[in-house]
Amino acid sequence: MSEYSFDGSEDQESEDCQLVNYAPDVLTELVDDVILGLCFDVHRSCKMGTFFVDDVDPAELKEFEIVDQVGLDIFGQPVSSKKQYECECPNCGRTISANRFAPHLEKCMGMGRNSSRIASKRLQNSGKCESEGDDDDDNDWTYGEKKKKKKSDKKANSPRQSKPSKSSKNGDISSVSSVGSEKSSGGYVNYEAMTIEERKAVLKQICGVISEHTKRMCTRSHRCPQHSDEQRRQVRLYLLGNAASSLLDDDIHVDIDGYEDSPAVSAPSSHHPNLPKRDHLGRFMSAQQVAALAAGLPWEAVSNSPGGSVSSMRVVQQWETMGITTTGPASNSNASASASACASASASAGASGSASASASAPSKKKKSKKKEGHTHKKSKSKNPVLQQYDLH
Amino acid sequence: MGTRAGGSSCPHVVALKESRGLDTFRIILSNFVYCRSPRARRLKAQSCICHDCGTTADRLHCCLDCVYFGCYGNQHIQEHAKSHRHHLALDLSYGVLLCGTCGDYVYDEDVNKVLHEEKYRATQGTHANGTVAWQPSSNELNLLQHNPKRRKITHNSTIGLRGLINLGNTCFMNCIVQALMHTPFLRDFFLSDKHECLMIQSQNHCLVCEMSRLFQEFYSGCRSPHVPFKLLHLVWTHARHLAGYEQQDAHEFFIAALDVLHRHCKGDTDHTNHHNPHHCNCIIDQVFTGGLQSDVTCQACLGVSTTVDPFWDISLDLGTHLVQADSQDILTAGFLTAGASAITNGISYTSTSLTDCLKRFTRPEHLGSSAKIKCSHCHSYQESTKQLTMKKLPVVACFHLKRFEHSTKFRRKISTFVSFPVELDLTPFMAHRRNGLDTFSISPGEMCPTPASNENRYSLFAVVNHRGSIDSGHYTCFIRQHRDQWFRCEDDIITKATVADVVNSEGYLLFYHKQLVEYE
């Protein structure tokens, strides 16, 4: 580049003009430099013997060329080919057609409406306290449902339905879950291999009648319409032998988890002999009812037993000892109505208003405390209903 | 010209190495070829001149035996080599050795090694920090020689594209997976095997590993569609709220997938820190996380309180100007038929553009008298304005057009046409420009000039579209590959598309990639 000098007296514009004159030279130098670099690269790779690295087989190139024709995709395959693909389910190991994989996985993982998740969970928890297994599940479902609903409310822009119909999925114990004959993990009961104790625990929760065709137990609840109570009794006799009679007595009594840690409630302790017994649905039973059950009578007969008014009075008394006020002299229907509302916590139609809500409050509180680790106040406040909803 | 690997040193180079070693060579390199400091560069500019003719261009060389600079074009360096018997000279542009006596440039393994090291050192502290071109090692050369069949990803190659089977209403997942597979940053990260799985206890459950495997599948050259059943299972396991066989929202899936990937990048041991995006350096955060600045200005004292929140996507309202008011509001699902007429007779907004939506998003809004905020400056409850601007731009910006409306009375899909550009400049929506200003009430001449903001330019690379109604529909997507080619992906069918197809589509999720990415 030829030398240049700045004459201080010249204008800024003139200087800029001078510089502009050199711009093509600068550009040429830069371009030359780049070309030189490329030449060296090629020269070096030739001399060093690495030039072949860049070579590509032309046949391969052709094979992977993009196809751009109507009716064909980029791979050259026709658009309307109906090829079936299969895959292996990571949960159960079965080979499923790919197009049906999602619904299969939903059932397999126990997430769908008709899956046997609740039933299998029940069976898995058969070693522990039963109500924990049952109601935990129900609560789990309810809680999860509420959480989901809140989520979809916030997320106001998805095309997904807000699924109000899902509330029917809530853990109604009497809801029909599919027969546990699906081969999902823990979906069916291998009663042959179980000990007496295990069988007892299992039979406390499910119908248990063994199907002649599949030789499997029915995993529905005790109110399963497909089988009669007589069948259930027979199965228990068959599986438990002499221990069956004790089963019928003991299993009726279901632990009320709400009792233990609600000190404000003047409830008798769990070791108190006068502890009111509950049936499998959590309903309070009178002494007559308990006796009726022991005799192997079906539930319907038990709940409508004569001496209803006496039993209902008993029920009312029991409620009052718990600190729950009922609305007045309870007739038979009233008592059972309020009692049943108390039982299925989530499905409470609010029939007896505060009575049912406050009765369910202790159980709900305990469960949520266990599950969520909430540090909520233990004292039974004046408004247990509100407190319960605060947790959510 | 020798062709065996390892170079073809001429005897003069060998002699040099034996007698003096390569120190002189290295000194010349570091001072005059690959300068490490501005001072060295100045020195080079001043002293690199041919001693014979005074030219500064024309391929200058430096003699290795004495202090002499000579140019090549005028034969000065060649003459010097002959007359002084100084065989070796060094090209001052690239450091390549010229053997004047042999008459050609020569290469030697040791010499190359020194060259490479000096080159590397020179890039330290500059934008090209430490990046040098790949040179095959002798092992690699051996392998390559013995395996002549090679696949090259040319501009016309299908490698990198693959269909995904619909597993049953999973088109939303397929579209998001396609968009992620064609994110250049992610592709480079996974194909260079940078993921180290930290999920020690449950490596089978790592979604990031599954993603890595997906990339392998996509670049395997296999032409049959991939069945992403494992991915579905993993997503359902880790994002329970999405699980279930029903139609889902692609945007929800995108956010959930990013969340799970982000968590899995940290591994399964540390649970305490999993939601701390400010301190996370995982690939997901590097690529997708941006910062949204929220400025609340008190109307009384004009004090501004600022917060910056991380974001993975921007959800944009489409506008509030109704066009048709004659048709009925589309009520709940029971009312809606699957027929197209129900959609076209629905309410739509005036057609708008992405920039309009962004303007609306970043404009200051009055919070109203019912939402008075306690100002920390003047300590009184005052009305205020709130403005959202972008503080930190992510490498990949995802824009979500809010087409699905869930209000108390009705749920509907808004099918308004929203035009979006292929190239987008986000400078007008950034924080430093917009604070407290409604920039569009100021005339362009008054705006303070900013330096050329190439760093805020984005290119569109994926568009996810939804066809159908709010209750049922189908997702398809357009993705960009090989720089300027677009492809339409509908589950397992991939076809070529044009830019016009893309830009005229409805658009639901728009993915933009930063054009210039800086090294840190």
# chains A, B, ... in the order shown; residues from 1 in each chain; ligands from 1
call {"tool": "residues_around", "arguments": {"residues": "range 187-203 of chain B", "least_positions_apart": "3", "cutoff": "10 Å", "atoms": "only C-alpha atoms", "output": "ChimeraX atom specification"}}
result
/B:160,180-184,206-216,219,263-270,282-283
call {"tool": "residues_around", "arguments": {"residues": "Asn504 in chain B", "least_positions_apart": "4", "cutoff": "12 Å", "atoms": "only C-alpha atoms", "output": "JSON, numbers by chain"}}
result
{"B": [353, 416, 417, 418, 419, 420, 421, 422, 463, 465, 478, 497, 498, 499, 500]}
call {"tool": "write_last_selection", "arguments": {"atoms": "all heavy atoms", "output": "mmCIF file, in the first residue's frame"}}
result
data_model
loop_
_atom_site.group_PDB
_atom_site.id
_atom_site.type_symbol
_atom_site.label_atom_id
_atom_site.label_comp_id
_atom_site.auth_asym_id
_atom_site.auth_seq_id
_atom_site.Cartn_x
_atom_site.Cartn_y
_atom_site.Cartn_z
ATOM 1 N N SER B 353 -51.135 -8.840 13.277
ATOM 2 C CA SER B 353 -49.804 -9.385 13.019
ATOM 3 C C SER B 353 -49.110 -9.660 14.336
ATOM 4 O O SER B 353 -49.523 -9.189 15.390
ATOM 5 C CB SER B 353 -48.976 -8.393 12.201
ATOM 6 O OG SER B 353 -48.592 -7.321 13.027
ATOM 7 N N THR B 416 -58.668 -16.031 13.950
ATOM 8 C CA THR B 416 -58.199 -14.839 13.225
ATOM 9 C C THR B 416 -56.865 -15.085 12.574
ATOM 10 O O THR B 416 -55.993 -15.742 13.146
ATOM 11 C CB THR B 416 -57.998 -13.685 14.214
ATOM 12 O OG1 THR B 416 -59.080 -13.652 15.100
ATOM 13 C CG2 THR B 416 -57.877 -12.366 13.486
ATOM 14 N N PHE B 417 -56.697 -14.505 11.431
ATOM 15 C CA PHE B 417 -55.401 -14.631 10.766
ATOM 16 C C PHE B 417 -54.400 -13.709 11.457
ATOM 17 O O PHE B 417 -54.640 -12.526 11.634
ATOM 18 C CB PHE B 417 -55.541 -14.263 9.289
ATOM 19 C CG PHE B 417 -54.241 -14.329 8.565
ATOM 20 C CD1 PHE B 417 -53.646 -15.544 8.303
ATOM 21 C CD2 PHE B 417 -53.589 -13.160 8.178
ATOM 22 C CE1 PHE B 417 -52.423 -15.610 7.660
ATOM 23 C CE2 PHE B 417 -52.371 -13.217 7.532
ATOM 24 C CZ PHE B 417 -51.788 -14.443 7.265
ATOM 25 N N VAL B 418 -53.281 -14.254 11.837
ATOM 26 C CA VAL B 418 -52.206 -13.461 12.424
ATOM 27 C C VAL B 418 -50.998 -13.634 11.529
ATOM 28 O O VAL B 418 -50.498 -14.746 11.358
ATOM 29 C CB VAL B 418 -51.864 -13.953 13.848
ATOM 30 C CG1 VAL B 418 -50.731 -13.128 14.426
ATOM 31 C CG2 VAL B 418 -53.071 -13.884 14.737
ATOM 32 N N SER B 419 -50.557 -12.533 10.961
ATOM 33 C CA SER B 419 -49.404 -12.674 10.079
ATOM 34 C C SER B 419 -48.137 -12.609 10.909
ATOM 35 O O SER B 419 -48.052 -11.857 11.879
ATOM 36 C CB SER B 419 -49.410 -11.555 9.033
ATOM 37 O OG SER B 419 -49.102 -10.339 9.647
ATOM 38 N N PHE B 420 -47.176 -13.403 10.548
ATOM 39 C CA PHE B 420 -45.923 -13.391 11.293
ATOM 40 C C PHE B 420 -44.772 -13.415 10.294
ATOM 41 O O PHE B 420 -44.864 -14.042 9.241
ATOM 42 C CB PHE B 420 -45.841 -14.565 12.264
ATOM 43 C CG PHE B 420 -46.257 -15.883 11.686
ATOM 44 C CD1 PHE B 420 -45.335 -16.703 11.060
ATOM 45 C CD2 PHE B 420 -47.574 -16.304 11.771
ATOM 46 C CE1 PHE B 420 -45.716 -17.922 10.527
ATOM 47 C CE2 PHE B 420 -47.964 -17.519 11.236
ATOM 48 C CZ PHE B 420 -47.030 -18.326 10.606
ATOM 49 N N PRO B 421 -43.713 -12.718 10.630
ATOM 50 C CA PRO B 421 -42.605 -12.614 9.682
ATOM 51 C C PRO B 421 -41.645 -13.779 9.813
ATOM 52 O O PRO B 421 -41.603 -14.463 10.830
ATOM 53 C CB PRO B 421 -41.916 -11.310 10.119
ATOM 54 C CG PRO B 421 -42.150 -11.270 11.583
ATOM 55 C CD PRO B 421 -43.477 -11.945 11.845
ATOM 56 N N VAL B 422 -40.849 -13.971 8.775
ATOM 57 C CA VAL B 422 -39.827 -15.005 8.850
ATOM 58 C C VAL B 422 -38.616 -14.481 9.618
ATOM 59 O O VAL B 422 -37.942 -15.206 10.330
ATOM 60 C CB VAL B 422 -39.438 -15.460 7.428
ATOM 61 C CG1 VAL B 422 -38.344 -16.494 7.476
ATOM 62 C CG2 VAL B 422 -40.644 -16.030 6.718
ATOM 63 N N VAL B 463 -43.246 -23.767 13.137
ATOM 64 C CA VAL B 463 -44.595 -23.248 13.366
ATOM 65 C C VAL B 463 -45.502 -24.433 13.660
ATOM 66 O O VAL B 463 -45.548 -25.383 12.883
ATOM 67 C CB VAL B 463 -45.122 -22.505 12.111
ATOM 68 C CG1 VAL B 463 -46.539 -22.029 12.331
ATOM 69 C CG2 VAL B 463 -44.227 -21.336 11.760
ATOM 70 N N ASN B 465 -49.334 -25.643 14.103
ATOM 71 C CA ASN B 465 -50.691 -25.198 13.756
ATOM 72 C C ASN B 465 -51.732 -26.138 14.317
ATOM 73 O O ASN B 465 -51.510 -27.344 14.422
ATOM 74 C CB ASN B 465 -50.855 -25.166 12.240
ATOM 75 C CG ASN B 465 -50.085 -24.031 11.630
ATOM 76 O OD1 ASN B 465 -50.170 -22.910 12.105
ATOM 77 N ND2 ASN B 465 -49.319 -24.318 10.607
ATOM 78 N N PHE B 478 -44.804 -26.971 10.743
ATOM 79 C CA PHE B 478 -43.825 -26.710 9.691
ATOM 80 C C PHE B 478 -42.476 -26.553 10.366
ATOM 81 O O PHE B 478 -42.367 -25.850 11.372
ATOM 82 C CB PHE B 478 -44.158 -25.400 8.960
ATOM 83 C CG PHE B 478 -45.357 -25.497 8.062
ATOM 84 C CD1 PHE B 478 -46.571 -24.951 8.440
ATOM 85 C CD2 PHE B 478 -45.270 -26.125 6.837
ATOM 86 C CE1 PHE B 478 -47.678 -25.032 7.607
ATOM 87 C CE2 PHE B 478 -46.376 -26.218 6.005
ATOM 88 C CZ PHE B 478 -47.583 -25.669 6.396
ATOM 89 N N ALA B 497 -42.494 -28.191 1.771
ATOM 90 C CA ALA B 497 -43.426 -27.065 1.773
ATOM 91 C C ALA B 497 -42.681 -25.804 1.341
ATOM 92 O O ALA B 497 -41.453 -25.789 1.297
ATOM 93 C CB ALA B 497 -44.017 -26.874 3.173
ATOM 94 N N THR B 498 -43.432 -24.785 1.040
ATOM 95 C CA THR B 498 -42.800 -23.521 0.659
ATOM 96 C C THR B 498 -42.938 -22.514 1.790
ATOM 97 O O THR B 498 -43.755 -22.684 2.698
ATOM 98 C CB THR B 498 -43.470 -22.938 -0.588
ATOM 99 O OG1 THR B 498 -44.840 -22.669 -0.252
ATOM 100 C CG2 THR B 498 -43.400 -23.905 -1.749
ATOM 101 N N VAL B 499 -42.176 -21.474 1.694
ATOM 102 C CA VAL B 499 -42.250 -20.423 2.712
ATOM 103 C C VAL B 499 -43.636 -19.814 2.733
ATOM 104 O O VAL B 499 -44.178 -19.481 3.785
ATOM 105 C CB VAL B 499 -41.206 -19.324 2.433
ATOM 106 C CG1 VAL B 499 -41.236 -18.290 3.538
ATOM 107 C CG2 VAL B 499 -39.832 -19.914 2.330
ATOM 108 N N ALA B 500 -44.234 -19.725 1.567
ATOM 109 C CA ALA B 500 -45.584 -19.153 1.483
ATOM 110 C C ALA B 500 -46.573 -20.000 2.276
ATOM 111 O O ALA B 500 -47.436 -19.473 2.986
ATOM 112 C CB ALA B 500 -46.007 -19.058 0.020
#
call {"tool": "closest_residue", "arguments": {"among": "B:Thr154, B:Gln78, B:Asn142, B:Gln248", "to": "His474 in chain B", "atoms": "only C-alpha atoms"}}
result
B:Gln248
call {"tool": "atom_distance", "arguments": {"atom1": "CA of Gly93 in chain A", "atom2": "CA of Asn166 in chain B"}}
result
19.7 Å
call {"tool": "residues_around", "arguments": {"residues": "Leu234 in chain B", "least_positions_apart": "3", "cutoff": "8 Å", "atoms": "only C-alpha atoms", "output": "tab-separated table (two decimals) with N, CA, C and O atoms, in the first residue's frame"}}
result
chain	number	residue	atom	x	y	z
B	205	HIS	N	-35.06	-43.41	33.40
B	205	HIS	CA	-36.17	-42.48	33.46
B	205	HIS	C	-35.76	-41.07	33.10
B	205	HIS	O	-36.53	-40.15	33.28
B	206	CYS	N	-34.54	-40.91	32.60
B	206	CYS	CA	-34.09	-39.57	32.30
B	206	CYS	C	-34.64	-39.13	30.96
B	206	CYS	O	-34.37	-39.75	29.93
B	207	LEU	N	-35.39	-38.06	30.97
B	207	LEU	CA	-35.99	-37.58	29.73
B	207	LEU	C	-34.95	-36.96	28.81
B	207	LEU	O	-35.10	-36.99	27.59
B	230	LYS	N	-41.69	-44.72	24.20
B	230	LYS	CA	-40.91	-44.56	25.44
B	230	LYS	C	-41.00	-43.12	25.93
B	230	LYS	O	-41.12	-42.86	27.13
B	231	LEU	N	-40.97	-42.20	24.98
B	231	LEU	CA	-41.08	-40.79	25.34
B	231	LEU	C	-42.40	-40.51	26.01
B	231	LEU	O	-42.48	-39.82	27.02
B	237	THR	N	-45.05	-40.30	33.12
B	237	THR	CA	-44.57	-40.60	34.46
B	237	THR	C	-44.16	-39.33	35.19
B	237	THR	O	-44.39	-39.20	36.39
B	238	HIS	N	-43.55	-38.41	34.48
B	238	HIS	CA	-42.99	-37.26	35.16
B	238	HIS	C	-43.86	-36.02	35.14
B	238	HIS	O	-43.60	-35.07	35.86
call {"tool": "residues_around", "arguments": {"residues": "Gly70 in chain B", "least_positions_apart": "6", "cutoff": "9 Å", "atoms": "only C-alpha atoms", "output": "list of chain:residue names"}}
result
B:Ile49, B:Cys50, B:His51, B:Asp52, B:Cys53, B:Gly54, B:Thr55, B:Arg59, B:Leu60, B:His61, B:Cys62, B:Cys63, B:His76, B:Ile77, B:Gln78, B:His80
call {"tool": "write_last_selection", "arguments": {"atoms": "N, CA and C atoms", "output": "PDB file, in the first residue's frame"}}
result
ATOM      1  N   ILE B  49       6.795  -5.781   5.814  1.00  0.00           N
ATOM      2  CA  ILE B  49       6.956  -5.070   4.549  1.00  0.00           C
ATOM      3  C   ILE B  49       8.128  -5.731   3.825  1.00  0.00           C
ATOM      4  N   CYS B  50       8.038  -5.848   2.549  1.00  0.00           N
ATOM      5  CA  CYS B  50       9.102  -6.537   1.812  1.00  0.00           C
ATOM      6  C   CYS B  50      10.368  -5.685   1.842  1.00  0.00           C
ATOM      7  N   HIS B  51      11.462  -6.316   2.216  1.00  0.00           N
ATOM      8  CA  HIS B  51      12.699  -5.555   2.331  1.00  0.00           C
ATOM      9  C   HIS B  51      13.247  -5.126   0.980  1.00  0.00           C
ATOM     10  N   ASP B  52      12.773  -5.781  -0.047  1.00  0.00           N
ATOM     11  CA  ASP B  52      13.289  -5.446  -1.369  1.00  0.00           C
ATOM     12  C   ASP B  52      12.436  -4.426  -2.107  1.00  0.00           C
ATOM     13  N   CYS B  53      11.141  -4.679  -2.119  1.00  0.00           N
ATOM     14  CA  CYS B  53      10.324  -3.771  -2.934  1.00  0.00           C
ATOM     15  C   CYS B  53       9.364  -2.929  -2.114  1.00  0.00           C
ATOM     16  N   GLY B  54       9.253  -3.204  -0.846  1.00  0.00           N
ATOM     17  CA  GLY B  54       8.415  -2.337  -0.011  1.00  0.00           C
ATOM     18  C   GLY B  54       6.932  -2.640  -0.064  1.00  0.00           C
ATOM     19  N   THR B  55       6.520  -3.694  -0.706  1.00  0.00           N
ATOM     20  CA  THR B  55       5.086  -3.993  -0.730  1.00  0.00           C
ATOM     21  C   THR B  55       4.662  -4.607   0.595  1.00  0.00           C
ATOM     22  N   ARG B  59       1.684 -11.782  -0.461  1.00  0.00           N
ATOM     23  CA  ARG B  59       2.179 -12.989   0.180  1.00  0.00           C
ATOM     24  C   ARG B  59       3.589 -12.825   0.723  1.00  0.00           C
ATOM     25  N   LEU B  60       3.676 -12.099   1.796  1.00  0.00           N
ATOM     26  CA  LEU B  60       4.958 -11.886   2.431  1.00  0.00           C
ATOM     27  C   LEU B  60       5.417 -13.119   3.165  1.00  0.00           C
ATOM     28  N   HIS B  61       6.713 -13.335   3.135  1.00  0.00           N
ATOM     29  CA  HIS B  61       7.301 -14.450   3.865  1.00  0.00           C
ATOM     30  C   HIS B  61       8.415 -13.946   4.748  1.00  0.00           C
ATOM     31  N   CYS B  62       8.682 -14.701   5.788  1.00  0.00           N
ATOM     32  CA  CYS B  62       9.761 -14.344   6.700  1.00  0.00           C
ATOM     33  C   CYS B  62      10.785 -15.460   6.689  1.00  0.00           C
ATOM     34  N   CYS B  63      12.022 -15.095   6.512  1.00  0.00           N
ATOM     35  CA  CYS B  63      13.058 -16.126   6.445  1.00  0.00           C
ATOM     36  C   CYS B  63      13.316 -16.685   7.844  1.00  0.00           C
ATOM     37  N   HIS B  76      10.935 -12.289  -4.534  1.00  0.00           N
ATOM     38  CA  HIS B  76      12.027 -11.875  -3.661  1.00  0.00           C
ATOM     39  C   HIS B  76      12.409 -12.918  -2.651  1.00  0.00           C
ATOM     40  N   ILE B  77      11.427 -13.608  -2.130  1.00  0.00           N
ATOM     41  CA  ILE B  77      11.764 -14.596  -1.118  1.00  0.00           C
ATOM     42  C   ILE B  77      12.457 -15.804  -1.756  1.00  0.00           C
ATOM     43  N   GLN B  78      12.067 -16.097  -2.981  1.00  0.00           N
ATOM     44  CA  GLN B  78      12.712 -17.234  -3.646  1.00  0.00           C
ATOM     45  C   GLN B  78      14.164 -16.919  -3.942  1.00  0.00           C
ATOM     46  N   HIS B  80      16.000 -14.820  -2.338  1.00  0.00           N
ATOM     47  CA  HIS B  80      16.727 -14.803  -1.077  1.00  0.00           C
ATOM     48  C   HIS B  80      17.127 -16.218  -0.672  1.00  0.00           C
TER      49      HIS B  80
END
call {"tool": "atom_distance", "arguments": {"atom1": "CA of Ile470 in chain B", "atom2": "CA of Lys413 in chain B"}}
result
5.3 Å
call {"tool": "residues_around", "arguments": {"residues": "Tyr512 in chain B", "least_positions_apart": "4", "cutoff": "7 Å", "atoms": "only C-alpha atoms", "output": "ChimeraX atom specification"}}
result
/B:396-398,458-461
